[in-house]
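Listing of start11.cif; format and content: mmCIF, C-alpha atoms.
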```
data_data
#
loop_
_atom_site.group_PDB
_atom_site.id
_atom_site.type_symbol
_atom_site.label_atom_id
_atom_site.label_comp_id
_atom_site.auth_asym_id
_atom_site.auth_seq_id
_atom_site.Cartn_x
_atom_site.Cartn_y
_atom_site.Cartn_z
ATOM 1 C CA MET W 1 29.673 47.893 107.896
ATOM 2 C CA GLY W 2 27.331 46.229 105.486
ATOM 3 C CA TYR W 3 23.582 46.152 105.592
ATOM 4 C CA MET W 4 22.241 43.259 107.701
ATOM 5 C CA SER W 5 18.947 41.945 106.375
ATOM 6 C CA SER W 6 16.384 39.934 108.279
ATOM 7 C CA PRO W 7 17.025 36.211 108.460
ATOM 8 C CA THR W 8 15.460 34.122 105.726
ATOM 9 C CA ALA W 9 13.704 30.804 106.195
ATOM 10 C CA TYR W 10 16.888 29.178 104.836
ATOM 11 C CA HIS W 11 18.918 30.930 107.546
ATOM 12 C CA GLN W 12 16.473 29.936 110.294
ATOM 13 C CA LEU W 13 16.430 26.304 109.150
ATOM 14 C CA GLY W 14 20.231 26.227 109.218
ATOM 15 C CA LYS W 15 20.304 27.909 112.627
ATOM 16 C CA PHE W 16 17.973 25.268 114.053
ATOM 17 C CA ILE W 17 20.133 22.417 112.708
ATOM 18 C CA VAL W 18 23.381 23.936 114.009
ATOM 19 C CA ASP W 19 21.897 24.879 117.398
ATOM 20 C CA PHE W 20 20.537 21.347 117.740
ATOM 21 C CA GLN W 21 24.092 20.001 117.370
ATOM 22 C CA TYR W 22 24.998 21.963 120.504
ATOM 23 C CA LEU W 23 22.264 20.097 122.410
ATOM 24 C CA GLU W 24 23.593 16.750 121.232
ATOM 25 C CA GLU W 25 27.074 17.657 122.429
ATOM 26 C CA ALA W 26 25.699 18.942 125.742
ATOM 27 C CA VAL W 27 23.953 15.592 126.366
ATOM 28 C CA ASP W 28 27.240 13.784 125.666
ATOM 29 C CA ASP W 29 29.010 16.100 128.132
ATOM 30 C CA LEU W 30 26.396 15.304 130.787
ATOM 31 C CA LEU W 31 26.938 11.584 130.274
ATOM 32 C CA GLU W 32 30.655 12.090 130.728
ATOM 33 C CA LEU W 33 30.143 14.060 133.950
ATOM 34 C CA LEU W 34 27.628 11.605 135.372
ATOM 35 C CA VAL W 35 29.751 8.519 134.804
ATOM 36 C CA ASP W 36 32.960 10.165 136.038
ATOM 37 C CA ALA W 37 35.127 7.622 134.244
ATOM 38 C CA ASP W 38 37.464 7.565 131.269
ATOM 39 C CA SER W 39 36.020 10.424 129.231
ATOM 40 C CA GLU W 40 37.255 9.012 125.932
ATOM 41 C CA ALA W 41 35.534 5.679 126.640
ATOM 42 C CA ILE W 42 32.281 7.506 127.387
ATOM 43 C CA LYS W 43 32.589 9.502 124.148
ATOM 44 C CA ILE W 44 33.087 6.270 122.207
ATOM 45 C CA LEU W 45 30.019 4.679 123.792
ATOM 46 C CA ALA W 46 27.852 7.785 123.319
ATOM 47 C CA HIS W 47 28.938 8.043 119.692
ATOM 48 C CA GLU W 48 27.582 4.544 119.065
ATOM 49 C CA LEU W 49 24.144 5.394 120.445
ATOM 50 C CA GLU W 50 21.558 7.132 118.321
ATOM 51 C CA TYR W 51 20.250 10.355 119.832
ATOM 52 C CA SER W 52 17.064 8.933 121.384
ATOM 53 C CA LYS W 53 19.024 6.135 123.046
ATOM 54 C CA ARG W 54 21.548 8.648 124.413
ATOM 55 C CA LEU W 55 18.665 10.508 126.021
ATOM 56 C CA LYS W 56 17.285 7.334 127.600
ATOM 57 C CA THR W 57 20.776 6.424 128.784
ATOM 58 C CA ALA W 58 21.356 9.895 130.258
ATOM 59 C CA ASP W 59 17.972 9.700 132.001
ATOM 60 C CA ALA W 60 18.763 6.310 133.556
ATOM 61 C CA ILE W 61 22.300 7.289 134.553
ATOM 62 C CA PHE W 62 21.119 10.565 136.099
ATOM 63 C CA SER W 63 18.542 8.662 138.138
ATOM 64 C CA ARG W 64 21.240 6.254 139.350
ATOM 65 C CA PHE W 65 23.612 9.168 140.026
ATOM 66 C CA VAL W 66 20.995 10.830 142.256
ATOM 67 C CA ASP W 67 20.152 7.557 144.029
ATOM 68 C CA ILE W 68 23.711 6.690 145.029
ATOM 69 C CA ARG W 69 24.718 10.151 146.298
ATOM 70 C CA MET W 70 23.736 11.630 149.624
ATOM 71 C CA ASN W 71 24.070 15.282 148.542
ATOM 72 C CA THR W 72 21.550 15.251 145.679
ATOM 73 C CA ASP W 73 17.947 16.376 145.414
ATOM 74 C CA LYS W 74 15.825 13.288 144.629
ATOM 75 C CA LEU W 75 13.111 15.501 143.121
ATOM 76 C CA LYS W 76 15.494 16.490 140.318
ATOM 77 C CA LYS W 77 14.988 13.060 138.710
ATOM 78 C CA ASP W 78 11.496 13.998 137.492
ATOM 79 C CA GLU W 79 12.701 17.378 136.253
ATOM 80 C CA PHE W 80 15.580 15.737 134.387
ATOM 81 C CA HIS W 81 13.233 13.140 132.865
ATOM 82 C CA LYS W 82 10.938 15.923 131.588
ATOM 83 C CA LEU W 83 13.967 17.612 130.024
ATOM 84 C CA MET W 84 14.955 14.356 128.287
ATOM 85 C CA VAL W 85 11.387 14.031 126.916
ATOM 86 C CA CYS W 86 11.586 17.626 125.667
ATOM 87 C CA LEU W 87 14.964 16.915 124.040
ATOM 88 C CA GLY W 88 13.435 13.833 122.412
ATOM 89 C CA LYS W 89 10.688 15.956 120.852
ATOM 90 C CA LEU W 90 13.292 18.437 119.619
ATOM 91 C CA GLY W 91 15.152 15.495 118.067
ATOM 92 C CA GLU W 92 11.981 14.405 116.284
ATOM 93 C CA ARG W 93 11.525 17.951 114.965
ATOM 94 C CA ARG W 94 15.156 18.026 113.822
ATOM 95 C CA ASN W 95 14.699 14.732 111.952
ATOM 96 C CA GLU W 96 11.499 16.021 110.391
ATOM 97 C CA LEU W 97 13.300 19.147 109.165
ATOM 98 C CA VAL W 98 16.446 17.358 107.987
ATOM 99 C CA HIS W 99 14.655 14.571 106.130
ATOM 100 C CA SER W 100 12.161 16.737 104.284
ATOM 101 C CA LYS W 101 12.190 18.170 100.793
ATOM 102 C CA TYR W 102 12.022 21.920 100.358
ATOM 103 C CA ASN W 103 10.899 24.291 97.646
ATOM 104 C CA PRO W 104 11.038 28.072 97.569
ATOM 105 C CA TRP W 105 7.598 29.506 98.296
ATOM 106 C CA LYS W 106 5.938 32.909 98.590
ATOM 107 C CA ASN W 107 2.977 33.570 100.817
ATOM 108 C CA VAL W 108 -0.037 35.629 99.713
ATOM 109 C CA ASP W 109 1.798 38.817 100.737
ATOM 110 C CA GLY W 110 4.746 37.928 98.476
ATOM 111 C CA ASN W 111 7.123 37.104 101.350
ATOM 112 C CA GLN W 112 9.784 34.487 100.569
ATOM 113 C CA GLY W 113 9.692 31.258 102.532
ATOM 114 C CA LEU W 114 10.007 27.515 102.187
ATOM 115 C CA LEU W 115 7.456 24.816 101.540
ATOM 116 C CA ARG W 116 8.468 21.696 103.473
ATOM 117 C CA ARG W 117 7.195 18.300 102.329
ATOM 118 C CA ASN W 118 7.731 14.990 104.018
ATOM 119 C CA SER W 119 6.165 11.749 102.844
ATOM 120 C CA LYS W 120 5.870 8.692 105.042
ATOM 121 C CA LEU W 121 4.458 5.259 104.442
ATOM 122 C CA GLU W 122 1.356 4.731 106.502
ATOM 123 C CA ARG W 123 0.862 1.512 108.373
ATOM 124 C CA GLN W 124 -1.574 -1.151 107.196
ATOM 125 C CA GLY W 125 -1.045 -0.461 103.511
ATOM 126 C CA SER W 126 -2.872 2.842 103.294
ATOM 127 C CA GLY W 127 -0.118 4.319 101.127
ATOM 128 C CA LEU W 128 1.904 7.491 101.413
ATOM 129 C CA LYS W 129 0.911 10.339 103.682
ATOM 130 C CA THR W 130 2.430 13.686 102.763
ATOM 131 C CA ASN W 131 2.884 16.343 105.400
ATOM 132 C CA GLU W 132 3.337 19.936 104.195
ATOM 133 C CA GLU W 133 4.392 22.968 106.164
ATOM 134 C CA GLU W 134 4.669 26.545 104.951
ATOM 135 C CA LEU W 135 7.702 28.123 106.588
ATOM 136 C CA GLN W 136 8.266 31.833 106.779
ATOM 137 C CA PRO W 137 11.319 32.911 108.809
ATOM 138 C CA ASP W 138 9.210 33.511 111.923
ATOM 139 C CA ALA W 139 7.871 29.948 111.741
ATOM 140 C CA PHE W 140 11.162 28.878 113.346
ATOM 141 C CA ASP W 141 10.855 31.242 116.328
ATOM 142 C CA GLY W 142 9.165 28.659 118.554
ATOM 143 C CA ASP W 143 11.614 25.915 117.595
ATOM 144 C CA LEU W 144 14.608 28.170 118.229
ATOM 145 C CA ALA W 145 13.167 29.306 121.572
ATOM 146 C CA ASP W 146 12.656 25.646 122.553
ATOM 147 C CA LEU W 147 16.311 24.950 121.699
ATOM 148 C CA ARG W 148 17.493 27.915 123.792
ATOM 149 C CA ASN W 149 15.347 26.862 126.748
ATOM 150 C CA ALA W 150 16.572 23.272 126.537
ATOM 151 C CA ALA W 151 20.200 24.428 126.319
ATOM 152 C CA GLN W 152 19.693 26.609 129.424
ATOM 153 C CA SER W 153 18.141 23.689 131.304
ATOM 154 C CA LEU W 154 21.004 21.416 130.301
ATOM 155 C CA GLU W 155 23.474 23.994 131.585
ATOM 156 C CA VAL W 156 21.636 24.181 134.926
ATOM 157 C CA PHE W 157 21.881 20.403 135.269
ATOM 158 C CA ARG W 158 25.528 20.398 134.193
ATOM 159 C CA SER W 159 26.349 22.939 136.904
ATOM 160 C CA ALA W 160 24.369 20.977 139.497
ATOM 161 C CA ILE W 161 26.152 17.737 138.588
ATOM 162 C CA ILE W 162 29.527 19.434 138.929
ATOM 163 C CA ASP W 163 28.453 20.755 142.348
ATOM 164 C CA TYR W 164 27.290 17.272 143.407
ATOM 165 C CA VAL W 165 30.531 15.642 142.260
ATOM 166 C CA TYR W 166 32.869 18.149 143.892
ATOM 167 C CA SER W 167 31.031 18.934 147.135
#
```
Rewrite the structure from the file as structure tokens, please.
Amino acid sequence: MGYMSSPTAYHQLGKFIVDFQYLEEAVDDLLELLVDADSEAIKILAHELEYSKRLKTADAIFSRFVDIRMNTDKLKKDEFHKLMVCLGKLGERRNELVHSKYNPWKNVDGNQGLLRRNSKLERQGSGLKTNEEELQPDAFDGDLADLRNAAQSLEVFRSAIIDYVYS
């Protein structure tokens, strides 16, 4: 066996992007379960929606799903909505990370990391605003934990939906 080193900021960035793809697929799977129709048709429709619109659609369909069934917990609608808001924030973070420019960077202790820069046009003609973030590998810990928690919550809802459909 070879020596396994600690993950680098590059590794953590890649892990976040790949793990986020799982969340996107999990939302699509929920849509398919909720609609209980031709799964290929649902996949086609979901594919045409950008991520934030898929979340809004899943939120609305879940609410309808709960309303029309007798065996559901009406209080789950608020919990599901909060999860969709959380997933939306994770999507914003993903976009921020994907659409930034990166340079290698060392902190004052000489540890390798990444310097993330993202420039956006400000409204009302005030020019460009540049956002910088210094990323050591542990800077991704919170983001990765948020992804894991969201994935676990999605799985809980997926299981509940299956129970509702088949009970």
Do a neighbour search on range 38-42 of chain W at 12 Å with all atoms listed in the file, toss out local chain neighbours closer than 3 positions, and write the hits as a CSV table (one decimal) with C-alpha atoms, in the coordinates of the input.
```
chain,number,residue,atom,x,y,z
W,27,VAL,CA,24.0,15.6,126.4
W,28,ASP,CA,27.2,13.8,125.7
W,29,ASP,CA,29.0,16.1,128.1
W,30,LEU,CA,26.4,15.3,130.8
W,31,LEU,CA,26.9,11.6,130.3
W,32,GLU,CA,30.7,12.1,130.7
W,33,LEU,CA,30.1,14.1,134.0
W,34,LEU,CA,27.6,11.6,135.4
W,35,VAL,CA,29.8,8.5,134.8
W,45,LEU,CA,30.0,4.7,123.8
W,46,ALA,CA,27.9,7.8,123.3
W,47,HIS,CA,28.9,8.0,119.7
W,48,GLU,CA,27.6,4.5,119.1
W,49,LEU,CA,24.1,5.4,120.4
W,54,ARG,CA,21.5,8.6,124.4
W,57,THR,CA,20.8,6.4,128.8
W,58,ALA,CA,21.4,9.9,130.3
```
What is the distance, in Å and to one decimal place, between CA of Lys56 in chain W and CA of His81 in chain W?
8.8 Å
Could you tell me, as a PyMOL selection string, which residues have any atom at most 8 Å from (2.3, 28.5, 104.3), counting only C-alpha atoms?
chain W and resi 107+115+133-136
Which residues match the PyMOL selection byres ((chain W and resi 10-18) around 8) in the file above, as a list in words?
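For this structure, the PyMOL selection byres ((chain W and resi 10-18) around 8) resolves to Pro7, Thr8, Ala9, Asp19, Phe20, Gln21, Tyr22, Arg94, Leu97, Val98, Gly113, Leu114, Pro137, Phe140, Asp143, Leu144 and Leu147 of chain W.
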Using CA of Ser100 in chain W and CA of Asn118 in chain W as the two end points, give the distance in Å to one decimal.
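We find that CA of Ser100 in chain W and CA of Asn118 in chain W lie 4.8 Å from each other.
CA of Arg148 in chain W is found 25.5 Å from CA of Phe65 in chain W.
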Asn71 in chain W surroundings by only C-alpha atoms, 10 Å radius, close-in-sequence under 6 positions cut, as a list in words
Asp163, Tyr164, Val165 and Ser167 of chain W
Output C-alpha atoms of each residue in that selection to a file, as a tab-separated table (two decimals), in the frame of the given file.
```tsv
chain	number	residue	atom	x	y	z
W	163	ASP	CA	28.45	20.76	142.35
W	164	TYR	CA	27.29	17.27	143.41
W	165	VAL	CA	30.53	15.64	142.26
W	167	SER	CA	31.03	18.93	147.14
```
Build an axis-aligned box that encloses every atom of range 140-149 of chain W listed in the file, pad it by 3 Å on each side, and report its centre and edge lengths in Å to one decimal, as JSON.
```
{"center_x": 13.3, "center_y": 28.1, "center_z": 120.0, "size_x": 14.3, "size_y": 12.3, "size_z": 19.4}
```
All residues 12 Å or closer to Lys82 in chain W, only C-alpha atoms, same chain fewer than 2 positions away omitted, as a PyMOL selection string
chain W and resi 55-56+59+75-80+84-89+150+153-154
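Against this structure, the PyMOL selection byres ((chain W and resi 129) around 6) ends up with Ser119, Lys120, Leu128 and Thr130 of chain W.
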At the level of C-alpha atoms, write range 87-123 of chain W to a file as a short mmCIF file (atom, residue, chain, number, x, y, z; two decimals), in the first residue's frame, please.
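The file below, selection_10.cif, is the result:
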```cif
data_model
loop_
_atom_site.label_atom_id
_atom_site.label_comp_id
_atom_site.auth_asym_id
_atom_site.auth_seq_id
_atom_site.Cartn_x
_atom_site.Cartn_y
_atom_site.Cartn_z
CA LEU W 87 -30.06 23.05 -1.37
CA GLY W 88 -30.46 26.40 -3.13
CA LYS W 89 -27.71 27.92 -0.97
CA LEU W 90 -25.47 24.93 -1.70
CA GLY W 91 -26.14 25.52 -5.41
CA GLU W 92 -25.09 29.15 -5.04
CA ARG W 93 -21.89 28.03 -3.31
CA ARG W 94 -21.24 25.49 -6.07
CA ASN W 95 -21.67 28.19 -8.73
CA GLU W 96 -19.38 30.50 -6.80
CA LEU W 97 -16.69 27.80 -6.65
CA VAL W 98 -17.09 26.65 -10.26
CA HIS W 99 -17.11 30.12 -11.79
CA SER W 100 -14.13 31.50 -9.91
CA LYS W 101 -10.49 31.80 -10.86
CA TYR W 102 -7.90 30.07 -8.72
CA ASN W 103 -4.22 30.54 -8.00
CA PRO W 104 -1.92 28.44 -5.85
CA TRP W 105 -1.36 30.16 -2.51
CA LYS W 106 0.57 29.56 0.70
CA ASN W 107 -0.56 30.84 4.05
CA VAL W 108 1.81 32.46 6.57
CA ASP W 109 2.73 29.00 7.89
CA GLY W 110 3.75 27.86 4.40
CA ASN W 111 0.76 25.53 3.92
CA GLN W 112 -0.40 25.07 0.32
CA GLY W 113 -3.88 26.25 -0.56
CA LEU W 114 -5.86 28.11 -3.18
CA LEU W 115 -6.73 31.76 -3.58
CA ARG W 116 -10.21 32.02 -5.09
CA ARG W 117 -11.21 35.19 -6.94
CA ASN W 118 -14.57 36.00 -8.39
CA SER W 119 -15.43 39.33 -9.99
CA LYS W 120 -18.97 40.50 -10.52
CA LEU W 121 -20.42 43.63 -12.04
CA GLU W 122 -22.11 45.71 -9.40
CA ARG W 123 -25.48 47.23 -10.08
#
```
